[in-house]
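Working notes for the structure below.
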Amino acid sequence: MSGTLSQLPILPFTEMASSISQIHQAHAHLLKTGVFPNNTFVSNKLISFAVSNPDPITLSYAHSVFTHITDPNSFSYNSLIRAYANSRTPENALFLFRQMLEGGPVLPDKYSFTFALKACAGFCGVEEGMQIHGLALKLGIGFDIFVANTLIHVYGKSGHFGFARSLLDRIADRDVVSWNALLSAYIETGFIRLARGLFDEMDERNVESWNFMISGYLSSGLLEEAKSVFDSMPLKDVVSWNAIITGYAHASRFDEVLELFEDMQREEVRPDTCTLVNVLSACAHLGALGQGEWIHGYIDKNGIDTNGFIATALVDMYSKCGNIDKAVNVFRNASKKDISTWNSIIVGLGMHGYGETALETFSEMLMEGFEPNEVTFIAVLTACSRSRFLNEGRKMFKLMVDDYGIEPAIEHYGCMVDLLGQVGLLEEALELVETRQLKEAHVLWESLLSACKNHGNVKMAEYVARKLLELNPQDSAGYVQLSNTYAALKRWDDVLNVRKKMKALKVNKEPGCSMIEVNGVVHEFLAGEGMILE
DNA sequence: GACAAACCTG
């Protein structure tokens, strides 16, 4: 809906509002015409907006609307309770619920109970849930199907399976939602075997029940079981497909992601943005430019908006598949960018060696008012390191810590070690690595070792290799790099010594693995590192 | 005038 108030009567305009500014417009209009705050029915619509948009700003606005309504009814209360229940601070819903109980102008009804209980489920407030349960029983609505189903959810989520189950068994007209409430609780709390038992016992299942089982198996890392549930489903919806596709993506089985996507097309299930993002991500991992372009075409053809996730996934796909120009093009034409979209293009530019453009894009991002996060600085520092921008890199590192208060992580140090190593400041790089007591420090040592090799600094290389081997005697990286260092200097005796040592310790060099798309087919190949030993 | 439940991806 466009932001013009004049095209529609005020009530439908308010009901259809898709942004807070449209609600403000409606509010102003209602105020001018005297409908707000006297007409409760219409004024309530201003509150209802917060139910599906429960961000803090909208919520406090809705609350202020609520306090101004001349004669609030149960709908006014219930909408606001429901909005809070959907928010990130669901416990606030209970203040209003209590107001109703303590003789506010209206008494709570079964809707108030349902929403208040939903809030309890939201913050796992089982104590509060029990109290509300007691009150509901007193008022004779304890077995209302909505109230009871939400109670099962409250008890289940907090691990009170006994309560949840006995309630389930005492609901005369229990339905599939009642079963699913307990099923989803088992799955959320990681009891996949209990979930399976219940699933087999259920006298009624819907597509959601099956989807719960898929996601349950996936979060327990049981991909094959998830797939077998998926295969035996009587009816799959887009969520089922997304769930299984996500499962294969998490397992890095990207070729199967693409196969599943094709199956999905064959069964004529329309992909949504979640599907497309996952599939684009698989293309990015596989370097499958052709498939990625096909999906881009699909997005354009179907008028799917390239904002947020979709834009980022496209930028990432193009840049990882080697087409930085198209990545930039998508980025520039994105209808809406978020921080990840910016991060993604800066990473791409940096990786492709466009350090200067990467830094310019970073400045542009700051000017547009985006707050950089830790990923942004990984991107920026990577760009500096690739392009050997020593001073810029130092400046950015300082900016990150001093101005944005971001604690440098291993990735940031890694970029700095790379950068210092690239420009030959090995002593400074060494100092950086030695003064940090970091987990995963071996990544930094490895990076430093490769810098030593590139600059032919054997003395430091030996020292670093020893450090690396102290950290993990079974890791081949240190040996390989050290032997390559000797080899580059034609010190063959030393190369052989390293080789003997590796053999004695039974360390094997694992070959790297890489993939490339040729004529629309993804090929996988193993890559040695040009290790002279072999 | 409405309510409970799924995938959450870059």
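The chains in the structure tokens are called A, B, ... from first to last as shown; in each chain the residues are counted from 1, and the ligands are counted from 1 in the order shown.
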
Near DA2 in chain B, counting only C-alpha atoms (C1' of nucleotides), which residues have an atom at most 10 Å away, once you skip same-chain residues fewer than 5 positions from it, shown as JSON, numbers by chain?
{"A": [75, 78, 79, 111]}

Near chain A, 7 Å: chain B residue rows, closest pairs, only C-alpha atoms (C1' of nucleotides), as CSV:
```
residue,atom,partner,partner_atom,distance
B:DC3,C1',A:Tyr111,CA,5.7
B:DA4,C1',A:Phe146,CA,5.2
B:DA5,C1',A:Val177,CA,6.0
B:DA6,C1',A:Glu208,CA,5.4
B:DC7,C1',A:Val239,CA,4.6
B:DT9,C1',A:Cys274,CA,4.9
B:DG10,C1',A:Ala313,CA,4.9
```

Any chance you could export the current selection's C-alpha atoms (C1' of nucleotides) as a JSON list (two decimals), in the first residue's frame?
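That gives us selection25.json:
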```json
[["chain", "number", "residue", "atom", "x", "y", "z"],
["B", 3, "DC", "C1'", -7.21, -16.32, 19.86],
["B", 4, "DA", "C1'", -3.14, -21.66, 19.98],
["B", 5, "DA", "C1'", 1.19, -24.22, 16.19],
["B", 6, "DA", "C1'", 6.13, -24.65, 11.26],
["B", 7, "DC", "C1'", 10.90, -23.35, 8.05],
["B", 9, "DT", "C1'", 17.84, -18.50, 5.34],
["B", 10, "DG", "C1'", 22.87, -14.10, 3.76]]
```

How far is it from CA of Asn323 in chain A to CA of Ala251 in chain A, in Å with one decimal?
25.8 Å

Find the residues near Gly159 in chain A: any atom within 12 Å, counting only C-alpha atoms (C1' of nucleotides), skip ones fewer than 5 places away on the same chain, and give them as an mmCIF file with N, CA, C and O atoms, in the first residue's frame.
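And here's around-v3.cif as it stands now:
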```cif
data_model
loop_
_atom_site.group_PDB
_atom_site.id
_atom_site.type_symbol
_atom_site.label_atom_id
_atom_site.label_comp_id
_atom_site.auth_asym_id
_atom_site.auth_seq_id
_atom_site.Cartn_x
_atom_site.Cartn_y
_atom_site.Cartn_z
ATOM 1 N N ALA A 121 4.406 -18.436 27.846
ATOM 2 C CA ALA A 121 5.187 -19.368 27.032
ATOM 3 C C ALA A 121 6.411 -18.653 26.476
ATOM 4 O O ALA A 121 7.496 -19.219 26.415
ATOM 5 N N CYS A 124 8.939 -18.450 29.224
ATOM 6 C CA CYS A 124 9.010 -19.670 30.026
ATOM 7 C C CYS A 124 8.565 -19.429 31.467
ATOM 8 O O CYS A 124 9.141 -19.983 32.407
ATOM 9 N N GLY A 125 7.546 -18.582 31.631
ATOM 10 C CA GLY A 125 7.057 -18.278 32.973
ATOM 11 C C GLY A 125 6.066 -19.317 33.449
ATOM 12 O O GLY A 125 4.849 -19.105 33.400
ATOM 13 N N VAL A 126 6.596 -20.429 33.931
ATOM 14 C CA VAL A 126 5.707 -21.526 34.303
ATOM 15 C C VAL A 126 4.958 -21.215 35.602
ATOM 16 O O VAL A 126 3.790 -21.567 35.759
ATOM 17 N N ILE A 152 -0.678 -26.142 27.388
ATOM 18 C CA ILE A 152 0.202 -27.277 27.051
ATOM 19 C C ILE A 152 1.548 -26.747 26.572
ATOM 20 O O ILE A 152 2.611 -27.243 26.946
ATOM 21 N N HIS A 153 1.473 -25.690 25.780
ATOM 22 C CA HIS A 153 2.688 -25.079 25.273
ATOM 23 C C HIS A 153 3.543 -24.519 26.409
ATOM 24 O O HIS A 153 4.762 -24.728 26.448
ATOM 25 N N VAL A 154 2.895 -23.821 27.345
ATOM 26 C CA VAL A 154 3.623 -23.252 28.491
ATOM 27 C C VAL A 154 4.308 -24.365 29.283
ATOM 28 O O VAL A 154 5.514 -24.294 29.569
ATOM 29 N N ALA A 164 1.807 -31.161 31.046
ATOM 30 C CA ALA A 164 1.365 -30.949 29.669
ATOM 31 C C ALA A 164 0.577 -32.154 29.189
ATOM 32 O O ALA A 164 -0.507 -32.028 28.609
ATOM 33 N N ARG A 165 1.125 -33.343 29.484
ATOM 34 C CA ARG A 165 0.487 -34.562 28.994
ATOM 35 C C ARG A 165 -0.869 -34.797 29.669
ATOM 36 O O ARG A 165 -1.848 -35.167 29.013
ATOM 37 N N LEU A 182 2.450 -30.283 22.425
ATOM 38 C CA LEU A 182 3.369 -31.132 23.185
ATOM 39 C C LEU A 182 4.517 -31.608 22.299
ATOM 40 O O LEU A 182 5.683 -31.636 22.713
ATOM 41 N N LEU A 183 4.178 -31.960 21.056
ATOM 42 C CA LEU A 183 5.210 -32.427 20.125
ATOM 43 C C LEU A 183 6.298 -31.368 19.949
ATOM 44 O O LEU A 183 7.489 -31.652 20.040
ATOM 45 N N SER A 184 5.876 -30.126 19.726
ATOM 46 C CA SER A 184 6.862 -29.071 19.502
ATOM 47 C C SER A 184 7.669 -28.797 20.770
ATOM 48 O O SER A 184 8.843 -28.438 20.703
ATOM 49 N N ALA A 185 7.037 -28.994 21.929
ATOM 50 C CA ALA A 185 7.772 -28.803 23.187
ATOM 51 C C ALA A 185 8.878 -29.849 23.311
ATOM 52 O O ALA A 185 10.006 -29.531 23.679
ATOM 53 N N TYR A 186 8.565 -31.105 23.014
ATOM 54 C CA TYR A 186 9.603 -32.146 23.035
ATOM 55 C C TYR A 186 10.753 -31.771 22.106
ATOM 56 O O TYR A 186 11.921 -31.948 22.425
ATOM 57 N N ILE A 187 10.391 -31.240 20.947
ATOM 58 C CA ILE A 187 11.422 -30.940 19.954
ATOM 59 C C ILE A 187 12.244 -29.722 20.356
ATOM 60 O O ILE A 187 13.464 -29.734 20.270
ATOM 61 N N GLU A 188 11.550 -28.687 20.858
ATOM 62 C CA GLU A 188 12.283 -27.490 21.287
ATOM 63 C C GLU A 188 13.273 -27.817 22.396
ATOM 64 O O GLU A 188 14.326 -27.198 22.487
ATOM 65 N N THR A 189 12.900 -28.762 23.273
ATOM 66 C CA THR A 189 13.778 -29.073 24.390
ATOM 67 C C THR A 189 14.732 -30.225 24.061
ATOM 68 O O THR A 189 15.466 -30.682 24.927
ATOM 69 N N GLY A 190 14.693 -30.686 22.805
ATOM 70 C CA GLY A 190 15.689 -31.649 22.352
ATOM 71 C C GLY A 190 15.376 -33.114 22.629
ATOM 72 O O GLY A 190 16.261 -33.949 22.509
ATOM 73 N N PHE A 191 14.124 -33.418 23.032
ATOM 74 C CA PHE A 191 13.781 -34.824 23.297
ATOM 75 C C PHE A 191 13.182 -35.473 22.060
ATOM 76 O O PHE A 191 11.977 -35.701 21.972
#
```

Just asking: which residues within range 196-359 of chain A are alpha helix (DSSP H) according to DSSP, as a ChimeraX atom specification?
/A:196-201,207-219,223-232,238-250,254-266,273-286,289-301,308-320,324-333,339-351,355-359

Shortest contact to Ala284 in chain A, candidates A:Ala358, A:Ile304, A:Val257, A:Leu430, atoms counted only C-alpha atoms, goes to A:Val257

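As for CA of Val480 in chain A and CA of Met502 in chain A, they are spaced 9.3 Å apart.
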